[in-house]
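One structure is given here, and the rest of the page talks about it.
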Amino acid sequence: MTAVPTRSSLPAGFRWSAATSAFQIEGARGAEGSGRSIWDDYLEAPGAIKDGSTADPACDSYRHPEADVSLAAGLGLDRYRFSIPWARVQPDGRGAANTAALDHYSRFVDLLLEAGVAPFPTLYHWEMPSAVDADGGWLRRDTVERFADYAAIVVDRLGDRVAQWYTLNEPAMTTLQGYAVGALAPGKQLLFDALPTVHHQLLAHARAAEAIRSRGSAQVGLVNNHTWVLPLNDTAEDRRAAALYDMIHNRVFSEPLLAGGYPDLAAWGLPAMPVQDGDLEAIRASIDFYGINFYNPTTVTAADASSPIPFDIVPTPGVAVTGFGPEWPIMPEALRDLLIDLHARHPHLPPVIIGENGASFPEPDRAARVEDADRIGYLAGHIAAVGEAIAAGVPVEEFTVWSLLDNWEWADGYTQRFGLVHVDFETGERTPKASYDWYRDLIASARSAAARQEETR
């Protein structure tokens, strides 16, 4: 089994978390007055989901939340990241709340607190109400205020017991895969015309942050998906392609939050963002921490001149891959390099949380104890990379494994398994994997080391 990383490179008080998202684990679509989301719409298109599955019952977590809480508590987590679906709370994306949904998440928060695990909700993990999408979704500025209204409803109900909030999950993936190329809901193919969704998401986050803070909650941030971009060849053309991809995947989302402005889009022949007076000031002042989801580097090369996109994403040479194949290469040092580079460009970087990190590997469908040494190696390598970044001065305070459970993996359905816990999707049986035990032991070891440090002071 892969060795447990030492505590020496991680600061006292470093936190450990695991994550899930509602649409991927809950099942119970449409139950208790829940509205339709863009994923309910997307999965109905022929061929949209690799295995034709429908995310129901998935892990059946909506009906059996106690099982998930027990597993989170068994790991000894500091915090558990989960999402609250907008379409359950506001079925039409506006107006009065669905009381049954708020009651459910209120009970869930109480269950976590009783188990000694701090709840860390995400207000938007891609679950936009279909009615909001029908009105233009993230292409329209009106969605900003609708999202802020939804956030206020949730925080009014849960804010007395929840101190930390994520607003949005991975706005980059919403823009790039949801609106630019159509690989995720809502399935639009707008290419660079998708860029206004960047600004509207960041502004929605800022307005939601205002609502959360006005109700007394302690901390708010969002979590961006970041990748370390590598040129395939050391040529001017590939370096330029890599710089463009880095801008539209990373910097166009991070710089408004961390530096108060967008990169120079005009230099790439792209239109300006739909910024109005006061927008950038609100965005820059909106985070108490910066969340980073990281899975893999991205290698790019210059595209053929006839391509509508001036770069091609290609396999990263010389590295192992996850169950997704060349699409998801394994390079832990890329996380270290990304964190150090981000801190170099933003010396006053706020506290950083690794909001997701994990890997899918082929595993049996039926209930089984899985000896997932590949996953343990992946996680150990990335945790060690975080330690190296901290040693270099990057203020990382928390690491979150994706995912607590095997789940419904969006357009890949049930064909990919990320969980520390194996789920038999026919029976619902949950079986902790070797990686669950490894992560539990790592957390316990880290706490013991921290206690010894305190005793010697």
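Each chain of the structure tokens is named A, B, ... in the order shown, its residues numbered from 1; ligands are numbered from 1 in display order.
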>> Just want the 8 Å neighbourhood of Arg94 (chain A), counted on only C-alpha atoms, with same-chain residues fewer than 5 positions away dropped. Output as an MDAnalysis selection string.
In response: chainID A and resid 146 149:150
>> Please identify the helix (DSSP H, G or I) residues within region 180-302 of chain A (assignment by DSSP from backbone atoms) and present them as a ChimeraX atom specification.
In response: /A:180,191-194,196-214,236-258,266-268,279-284
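Straight-line separation from CA of Trp402 (chain A) to CA of Val198 (chain A): 24.1 Å.
Nearest to Glu32 (chain A) of all the residues A:Val69, A:Leu10, A:Leu349, A:Ala87 is A:Ala87, based on only C-alpha atoms.
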>> Just want the 8 Å neighbourhood of region 327-332 of chain A, counted on only C-alpha atoms, with same-chain residues fewer than 4 positions away dropped. Output as a PyMOL selection string.
In response: chain A and resi 295-297+314-316+319-323+336+378+381-382+385
For the selection just defined, write its residues with N, CA, C and O atoms to a file, as a tab-separated table (two decimals), in the first residue's frame.
```tsv
chain	number	residue	atom	x	y	z
A	295	TYR	N	-7.62	18.16	-10.95
A	295	TYR	CA	-7.56	16.75	-11.29
A	295	TYR	C	-6.36	16.39	-12.15
A	295	TYR	O	-5.78	15.31	-11.99
A	296	ASN	N	-6.00	17.25	-13.09
A	296	ASN	CA	-4.98	16.87	-14.07
A	296	ASN	C	-4.43	18.11	-14.78
A	296	ASN	O	-5.09	19.16	-14.82
A	297	PRO	N	-3.23	17.97	-15.37
A	297	PRO	CA	-2.76	19.02	-16.26
A	297	PRO	C	-3.45	18.91	-17.61
A	297	PRO	O	-4.15	17.93	-17.90
A	314	VAL	N	-4.44	17.65	-26.28
A	314	VAL	CA	-3.85	16.38	-26.69
A	314	VAL	C	-3.37	15.62	-25.46
A	314	VAL	O	-3.25	16.19	-24.37
A	315	PRO	N	-3.09	14.32	-25.58
A	315	PRO	CA	-2.58	13.57	-24.43
A	315	PRO	C	-1.27	14.14	-23.90
A	315	PRO	O	-0.43	14.65	-24.66
A	316	THR	N	-1.11	14.07	-22.59
A	316	THR	CA	0.13	14.52	-21.95
A	316	THR	C	1.15	13.38	-22.04
A	316	THR	O	0.91	12.29	-21.53
A	319	VAL	N	3.05	10.08	-18.95
A	319	VAL	CA	2.47	9.97	-17.62
A	319	VAL	C	1.37	8.90	-17.63
A	319	VAL	O	0.78	8.59	-18.67
A	320	ALA	N	1.08	8.37	-16.44
A	320	ALA	CA	-0.03	7.44	-16.29
A	320	ALA	C	-1.36	8.18	-16.42
A	320	ALA	O	-1.40	9.42	-16.38
A	321	VAL	N	-2.44	7.43	-16.57
A	321	VAL	CA	-3.76	8.04	-16.73
A	321	VAL	C	-4.75	7.35	-15.79
A	321	VAL	O	-4.51	6.25	-15.29
A	322	THR	N	-5.88	8.00	-15.56
A	322	THR	CA	-6.95	7.44	-14.75
A	322	THR	C	-7.89	6.62	-15.63
A	322	THR	O	-7.60	6.35	-16.79
A	323	GLY	N	-9.03	6.24	-15.07
A	323	GLY	CA	-10.00	5.46	-15.82
A	323	GLY	C	-10.57	6.19	-17.02
A	323	GLY	O	-11.17	5.55	-17.91
A	336	ARG	N	1.24	21.18	-7.56
A	336	ARG	CA	2.23	22.01	-6.85
A	336	ARG	C	2.61	23.23	-7.69
A	336	ARG	O	2.60	24.37	-7.19
A	378	TYR	N	-2.69	8.05	-6.16
A	378	TYR	CA	-3.06	9.35	-6.73
A	378	TYR	C	-3.24	10.39	-5.62
A	378	TYR	O	-2.68	11.49	-5.69
A	381	GLY	N	0.03	11.28	-3.76
A	381	GLY	CA	0.88	12.14	-4.55
A	381	GLY	C	0.41	13.58	-4.56
A	381	GLY	O	1.22	14.52	-4.47
A	382	HIS	N	-0.91	13.78	-4.64
A	382	HIS	CA	-1.42	15.15	-4.69
A	382	HIS	C	-1.38	15.81	-3.32
A	382	HIS	O	-1.16	17.03	-3.22
A	385	ALA	N	2.04	16.97	-2.98
A	385	ALA	CA	2.24	18.17	-3.79
A	385	ALA	C	1.71	19.41	-3.08
A	385	ALA	O	2.32	20.49	-3.14
```
>> At a cut-off of 12 Å, using only C-alpha atoms, what residues contact Ile84 (chain A)? Leave out same-chain residues fewer than 5 positions from it and give the result as a ChimeraX atom specification.
In response: /A:20-26,34,62,89-90,101-106,108-109,119-128,150-151,153-155,158,165-169
Selected residues written out, C-alpha atoms, as a compact mmCIF listing (two decimals), in the first residue's frame:
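Written output follows (again-v7.txt):
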```txt
# COMPACT_ATOMS: atom_id res chain seq x y z
CA THR A 20 -20.32 15.03 -3.16
CA SER A 21 -22.91 16.86 -5.23
CA ALA A 22 -26.67 16.54 -5.05
CA PHE A 23 -27.60 15.52 -8.58
CA GLN A 24 -24.88 12.88 -8.59
CA ILE A 25 -25.92 11.09 -5.39
CA GLU A 26 -29.43 12.01 -4.30
CA SER A 34 -38.59 19.48 -6.60
CA TYR A 62 -31.97 12.04 -0.53
CA VAL A 89 -35.42 24.87 -3.28
CA GLN A 90 -36.96 27.12 -5.95
CA ALA A 101 -36.55 20.85 0.48
CA LEU A 102 -35.43 23.35 3.09
CA ASP A 103 -36.63 21.01 5.83
CA HIS A 104 -34.57 18.20 4.29
CA TYR A 105 -31.32 20.17 4.16
CA SER A 106 -31.94 21.58 7.62
CA PHE A 108 -29.04 17.08 7.02
CA VAL A 109 -27.08 19.95 8.55
CA PRO A 119 -21.39 21.23 7.03
CA PHE A 120 -19.87 23.01 4.02
CA PRO A 121 -22.65 23.52 1.45
CA THR A 122 -22.27 24.45 -2.20
CA LEU A 123 -25.19 26.55 -3.45
CA TYR A 124 -24.70 25.77 -7.15
CA HIS A 125 -23.15 22.54 -8.38
CA TRP A 126 -24.54 22.87 -11.93
CA GLU A 127 -28.18 22.28 -10.89
CA MET A 128 -29.83 25.29 -12.60
CA TYR A 150 -32.08 31.83 -3.96
CA ALA A 151 -28.91 32.11 -1.86
CA ILE A 153 -33.53 31.88 1.01
CA VAL A 154 -31.12 29.06 1.84
CA VAL A 155 -28.96 31.11 4.20
CA LEU A 158 -29.46 27.32 7.47
CA TRP A 165 -20.30 28.42 2.11
CA TYR A 166 -19.28 27.75 -1.45
CA THR A 167 -21.43 29.71 -3.89
CA LEU A 168 -20.54 28.22 -7.31
CA ASN A 169 -18.78 25.06 -8.33
```
> If we count only C-alpha atoms, what is near Gly116 (chain A) at a cut-off of 12 Å, once residues fewer than 4 positions away on the same chain are taken out, given as a ChimeraX atom specification?
Replying inline: /A:69-70,72-80,109-112
The selected residues should be written to file as a JSON list (two decimals), in the first residue's frame (atoms: all heavy atoms).
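So part_29.json came out as:
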```json
[["chain", "number", "residue", "atom", "x", "y", "z"],
["A", 69, "VAL", "N", -23.84, 10.51, 6.23],
["A", 69, "VAL", "CA", -23.30, 11.17, 7.42],
["A", 69, "VAL", "C", -22.46, 10.19, 8.23],
["A", 69, "VAL", "O", -21.37, 10.54, 8.72],
["A", 69, "VAL", "CB", -24.44, 11.75, 8.27],
["A", 69, "VAL", "CG1", -23.90, 12.27, 9.61],
["A", 69, "VAL", "CG2", -25.13, 12.89, 7.53],
["A", 70, "SER", "N", -22.92, 8.95, 8.34],
["A", 70, "SER", "CA", -22.16, 7.95, 9.08],
["A", 70, "SER", "C", -20.79, 7.71, 8.44],
["A", 70, "SER", "O", -19.77, 7.60, 9.13],
["A", 70, "SER", "CB", -22.95, 6.64, 9.15],
["A", 70, "SER", "OG", -22.20, 5.63, 9.79],
["A", 72, "ALA", "N", -19.12, 9.85, 6.48],
["A", 72, "ALA", "CA", -18.31, 11.06, 6.66],
["A", 72, "ALA", "C", -17.73, 11.11, 8.07],
["A", 72, "ALA", "O", -16.54, 11.41, 8.26],
["A", 72, "ALA", "CB", -19.15, 12.30, 6.38],
["A", 73, "ALA", "N", -18.55, 10.79, 9.06],
["A", 73, "ALA", "CA", -18.08, 10.79, 10.44],
["A", 73, "ALA", "C", -17.04, 9.71, 10.66],
["A", 73, "ALA", "O", -16.06, 9.90, 11.40],
["A", 73, "ALA", "CB", -19.26, 10.60, 11.39],
["A", 74, "GLY", "N", -17.20, 8.56, 10.01],
["A", 74, "GLY", "CA", -16.25, 7.46, 10.16],
["A", 74, "GLY", "C", -14.86, 7.81, 9.68],
["A", 74, "GLY", "O", -13.86, 7.24, 10.15],
["A", 75, "LEU", "N", -14.76, 8.71, 8.72],
["A", 75, "LEU", "CA", -13.46, 9.17, 8.25],
["A", 75, "LEU", "C", -12.79, 10.13, 9.23],
["A", 75, "LEU", "O", -11.58, 10.32, 9.17],
["A", 75, "LEU", "CB", -13.60, 9.88, 6.90],
["A", 75, "LEU", "CG", -13.82, 9.01, 5.67],
["A", 75, "LEU", "CD1", -14.21, 9.88, 4.48],
["A", 75, "LEU", "CD2", -12.59, 8.19, 5.35],
["A", 76, "GLY", "N", -13.57, 10.74, 10.11],
["A", 76, "GLY", "CA", -13.03, 11.77, 10.98],
["A", 76, "GLY", "C", -12.87, 13.11, 10.29],
["A", 76, "GLY", "O", -12.00, 13.92, 10.64],
["A", 77, "LEU", "N", -13.71, 13.38, 9.29],
["A", 77, "LEU", "CA", -13.60, 14.61, 8.53],
["A", 77, "LEU", "C", -13.80, 15.84, 9.41],
["A", 77, "LEU", "O", -14.60, 15.83, 10.35],
["A", 77, "LEU", "CB", -14.66, 14.65, 7.42],
["A", 77, "LEU", "CG", -14.62, 13.57, 6.34],
["A", 77, "LEU", "CD1", -15.77, 13.78, 5.37],
["A", 77, "LEU", "CD2", -13.28, 13.57, 5.62],
["A", 78, "ASP", "N", -13.10, 16.90, 9.06],
["A", 78, "ASP", "CA", -13.38, 18.20, 9.66],
["A", 78, "ASP", "C", -14.66, 18.79, 9.07],
["A", 78, "ASP", "O", -15.50, 19.32, 9.80],
["A", 78, "ASP", "CB", -12.22, 19.17, 9.42],
["A", 78, "ASP", "CG", -10.96, 18.75, 10.15],
["A", 78, "ASP", "OD1", -10.97, 18.76, 11.39],
["A", 78, "ASP", "OD2", -9.97, 18.40, 9.47],
["A", 79, "ARG", "N", -14.78, 18.68, 7.73],
["A", 79, "ARG", "CA", -15.93, 19.27, 7.05],
["A", 79, "ARG", "C", -16.37, 18.34, 5.91],
["A", 79, "ARG", "O", -15.56, 17.59, 5.37],
["A", 79, "ARG", "CB", -15.59, 20.66, 6.51],
["A", 79, "ARG", "CG", -15.00, 21.58, 7.59],
["A", 79, "ARG", "CD", -15.16, 23.03, 7.32],
["A", 79, "ARG", "NE", -14.23, 23.59, 6.35],
["A", 79, "ARG", "CZ", -13.87, 24.89, 6.31],
["A", 79, "ARG", "NH1", -14.38, 25.73, 7.18],
["A", 79, "ARG", "NH2", -13.04, 25.33, 5.40],
["A", 80, "TYR", "N", -17.65, 18.43, 5.60],
["A", 80, "TYR", "CA", -18.20, 17.64, 4.50],
["A", 80, "TYR", "C", -18.82, 18.59, 3.50],
["A", 80, "TYR", "O", -19.71, 19.39, 3.83],
["A", 80, "TYR", "CB", -19.26, 16.66, 5.02],
["A", 80, "TYR", "CG", -19.96, 15.87, 3.94],
["A", 80, "TYR", "CD1", -19.26, 15.08, 3.05],
["A", 80, "TYR", "CD2", -21.35, 15.91, 3.82],
["A", 80, "TYR", "CE1", -19.91, 14.35, 2.06],
["A", 80, "TYR", "CE2", -22.02, 15.18, 2.84],
["A", 80, "TYR", "CZ", -21.29, 14.40, 1.97],
["A", 80, "TYR", "OH", -21.95, 13.68, 0.99],
["A", 109, "VAL", "N", -28.05, 19.15, 7.81],
["A", 109, "VAL", "CA", -27.08, 19.95, 8.55],
["A", 109, "VAL", "C", -27.04, 19.51, 10.02],
["A", 109, "VAL", "O", -25.97, 19.35, 10.61],
["A", 109, "VAL", "CB", -27.42, 21.45, 8.43],
["A", 109, "VAL", "CG1", -26.69, 22.28, 9.48],
["A", 109, "VAL", "CG2", -27.07, 21.96, 7.03],
["A", 110, "ASP", "N", -28.20, 19.30, 10.60],
["A", 110, "ASP", "CA", -28.24, 18.85, 12.00],
["A", 110, "ASP", "C", -27.57, 17.49, 12.17],
["A", 110, "ASP", "O", -26.85, 17.27, 13.15],
["A", 110, "ASP", "CB", -29.68, 18.80, 12.50],
["A", 110, "ASP", "CG", -30.28, 20.18, 12.72],
["A", 110, "ASP", "OD1", -29.50, 21.16, 12.81],
["A", 110, "ASP", "OD2", -31.52, 20.29, 12.80],
["A", 111, "LEU", "N", -27.80, 16.58, 11.24],
["A", 111, "LEU", "CA", -27.17, 15.26, 11.32],
["A", 111, "LEU", "C", -25.65, 15.38, 11.29],
["A", 111, "LEU", "O", -24.94, 14.70, 12.06],
["A", 111, "LEU", "CB", -27.65, 14.37, 10.17],
["A", 111, "LEU", "CG", -29.07, 13.84, 10.24],
["A", 111, "LEU", "CD1", -29.45, 13.19, 8.91],
["A", 111, "LEU", "CD2", -29.21, 12.82, 11.37],
["A", 112, "LEU", "N", -25.12, 16.22, 10.41],
["A", 112, "LEU", "CA", -23.68, 16.40, 10.34],
["A", 112, "LEU", "C", -23.14, 16.98, 11.64],
["A", 112, "LEU", "O", -22.13, 16.50, 12.19],
["A", 112, "LEU", "CB", -23.32, 17.32, 9.17],
["A", 112, "LEU", "CG", -23.42, 16.70, 7.78],
["A", 112, "LEU", "CD1", -23.31, 17.79, 6.71],
["A", 112, "LEU", "CD2", -22.33, 15.65, 7.56]]
```
> So which residues touch Gly221 (chain A) within 7 Å, counting only C-alpha atoms, skipping near sequence neighbours fewer than 2 positions away, as a PyMOL selection string?
Replying inline: chain A and resi 165-167+219+223+287-291
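Taking CA of Glu66 (chain A) as the reference point, CA of Gly355 (chain A) is found at 22.8 Å.
The environment of Lys188 (chain A) within 10 Å, counting only C-alpha atoms and disregarding residues fewer than 2 places along the same chain, consists of A:Thr175, A:Leu176, A:Gln177, A:Gly178, A:Tyr179, A:Ala180, A:Val181, A:Gly182, A:Ala183, A:Leu184, A:Ala185, A:Pro186, A:Leu190, A:Leu191, A:Ala194.
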File of the preceding selection, C-alpha atoms, as a compact mmCIF listing (two decimals), in the first residue's frame:
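What landed in selection-v6.txt:
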```txt
# COMPACT_ATOMS: atom_id res chain seq x y z
CA THR A 175 -18.73 28.01 -19.48
CA LEU A 176 -16.40 25.72 -21.43
CA GLN A 177 -18.29 22.43 -21.39
CA GLY A 178 -21.85 23.63 -20.80
CA TYR A 179 -22.02 26.66 -23.08
CA ALA A 180 -18.99 26.53 -25.41
CA VAL A 181 -18.86 22.91 -26.63
CA GLY A 182 -22.04 21.31 -25.27
CA ALA A 183 -20.43 18.36 -23.45
CA LEU A 184 -22.38 19.13 -20.26
CA ALA A 185 -25.75 20.70 -19.52
CA PRO A 186 -27.22 22.92 -20.82
CA LEU A 190 -21.43 28.77 -28.62
CA LEU A 191 -17.62 28.56 -28.65
CA ALA A 194 -20.04 31.63 -24.29
```
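Nearest to Arg284 (chain A) of all the residues A:His205, A:Arg63, A:Pro317, A:Gly358 is A:His205, counting only C-alpha atoms.
Interatomic distance, CA of Thr174 (chain A) against CA of Leu139 (chain A): 11.2 Å.
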> Which one of A:Trp408, A:Trp438, A:Phe418, A:Phe192 sits closest to Asp56 (chain A) if you count only C-alpha atoms?
Replying inline: A:Trp408
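Using only C-alpha atoms, the shortest contact distance between Glu237 (chain A) and any of A:Val275, A:Ala218, A:Ala305, A:Ile283 is found at A:Ala305.
When only C-alpha atoms are used to measure the gap to Arg15 (chain A), the shortest distance among A:Asp441, A:Asp135, A:Asp142, A:Glu397 belongs to A:Glu397.
Here the residues within region 277-309 of chain A that DSSP labels strand (DSSP E) on the basis of the backbone are Tyr290, Gly291, Ile292, Asn293, Thr298, Thr299, Val300, Thr301 and Ala302 of chain A.
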Just-selected residues, all heavy atoms written as a tab-separated table (two decimals), in the first residue's frame:
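Result file is again29.tsv:
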```
chain	number	residue	atom	x	y	z
A	290	TYR	N	-10.18	31.03	-1.39
A	290	TYR	CA	-10.22	30.70	-2.81
A	290	TYR	C	-10.18	29.19	-2.96
A	290	TYR	O	-9.22	28.53	-2.53
A	290	TYR	CB	-9.03	31.33	-3.54
A	290	TYR	CG	-9.12	31.21	-5.05
A	290	TYR	CD1	-10.10	31.91	-5.74
A	290	TYR	CD2	-8.25	30.41	-5.76
A	290	TYR	CE1	-10.21	31.81	-7.12
A	290	TYR	CE2	-8.34	30.30	-7.14
A	290	TYR	CZ	-9.33	31.00	-7.81
A	290	TYR	OH	-9.45	30.90	-9.17
A	291	GLY	N	-11.23	28.63	-3.55
A	291	GLY	CA	-11.33	27.19	-3.73
A	291	GLY	C	-10.78	26.76	-5.07
A	291	GLY	O	-11.02	27.41	-6.10
A	292	ILE	N	-10.01	25.67	-5.06
A	292	ILE	CA	-9.42	25.13	-6.28
A	292	ILE	C	-9.76	23.65	-6.38
A	292	ILE	O	-9.41	22.87	-5.49
A	292	ILE	CB	-7.89	25.31	-6.29
A	292	ILE	CG1	-7.53	26.80	-6.38
A	292	ILE	CG2	-7.25	24.54	-7.44
A	292	ILE	CD1	-6.04	27.08	-6.26
A	293	ASN	N	-10.44	23.28	-7.45
A	293	ASN	CA	-10.59	21.87	-7.82
A	293	ASN	C	-9.48	21.53	-8.81
A	293	ASN	O	-9.28	22.27	-9.79
A	293	ASN	CB	-11.94	21.60	-8.48
A	293	ASN	CG	-13.10	21.72	-7.51
A	293	ASN	OD1	-12.91	21.92	-6.32
A	293	ASN	ND2	-14.31	21.62	-8.04
A	298	THR	N	-3.26	19.92	-18.45
A	298	THR	CA	-3.80	19.91	-19.81
A	298	THR	C	-2.68	20.27	-20.77
A	298	THR	O	-2.03	21.31	-20.62
A	298	THR	CB	-4.95	20.92	-19.97
A	298	THR	OG1	-5.98	20.61	-19.04
A	298	THR	CG2	-5.51	20.88	-21.37
A	299	THR	N	-2.44	19.41	-21.74
A	299	THR	CA	-1.43	19.67	-22.76
A	299	THR	C	-2.12	20.12	-24.04
A	299	THR	O	-3.10	19.51	-24.48
A	299	THR	CB	-0.58	18.41	-23.02
A	299	THR	OG1	0.09	18.07	-21.81
A	299	THR	CG2	0.44	18.66	-24.12
A	300	VAL	N	-1.62	21.21	-24.63
A	300	VAL	CA	-2.25	21.76	-25.83
A	300	VAL	C	-1.20	21.97	-26.92
A	300	VAL	O	-0.01	22.12	-26.65
A	300	VAL	CB	-2.99	23.09	-25.54
A	300	VAL	CG1	-4.08	22.89	-24.51
A	300	VAL	CG2	-2.01	24.16	-25.08
A	301	THR	N	-1.71	21.99	-28.12
A	301	THR	CA	-0.88	22.30	-29.28
A	301	THR	C	-1.67	23.22	-30.21
A	301	THR	O	-2.91	23.30	-30.11
A	301	THR	CB	-0.47	21.01	-30.02
A	301	THR	OG1	0.50	21.31	-31.03
A	301	THR	CG2	-1.65	20.32	-30.68
A	302	ALA	N	-0.98	23.93	-31.05
A	302	ALA	CA	-1.66	24.83	-31.98
A	302	ALA	C	-2.53	24.03	-32.95
A	302	ALA	O	-2.12	22.98	-33.45
A	302	ALA	CB	-0.63	25.65	-32.75
```
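Shortest separation to Trp138 (chain A) among A:Ser217, A:Thr197, A:Gln189, A:Gln453 occurs at residue A:Thr197, atoms counted being only C-alpha atoms.
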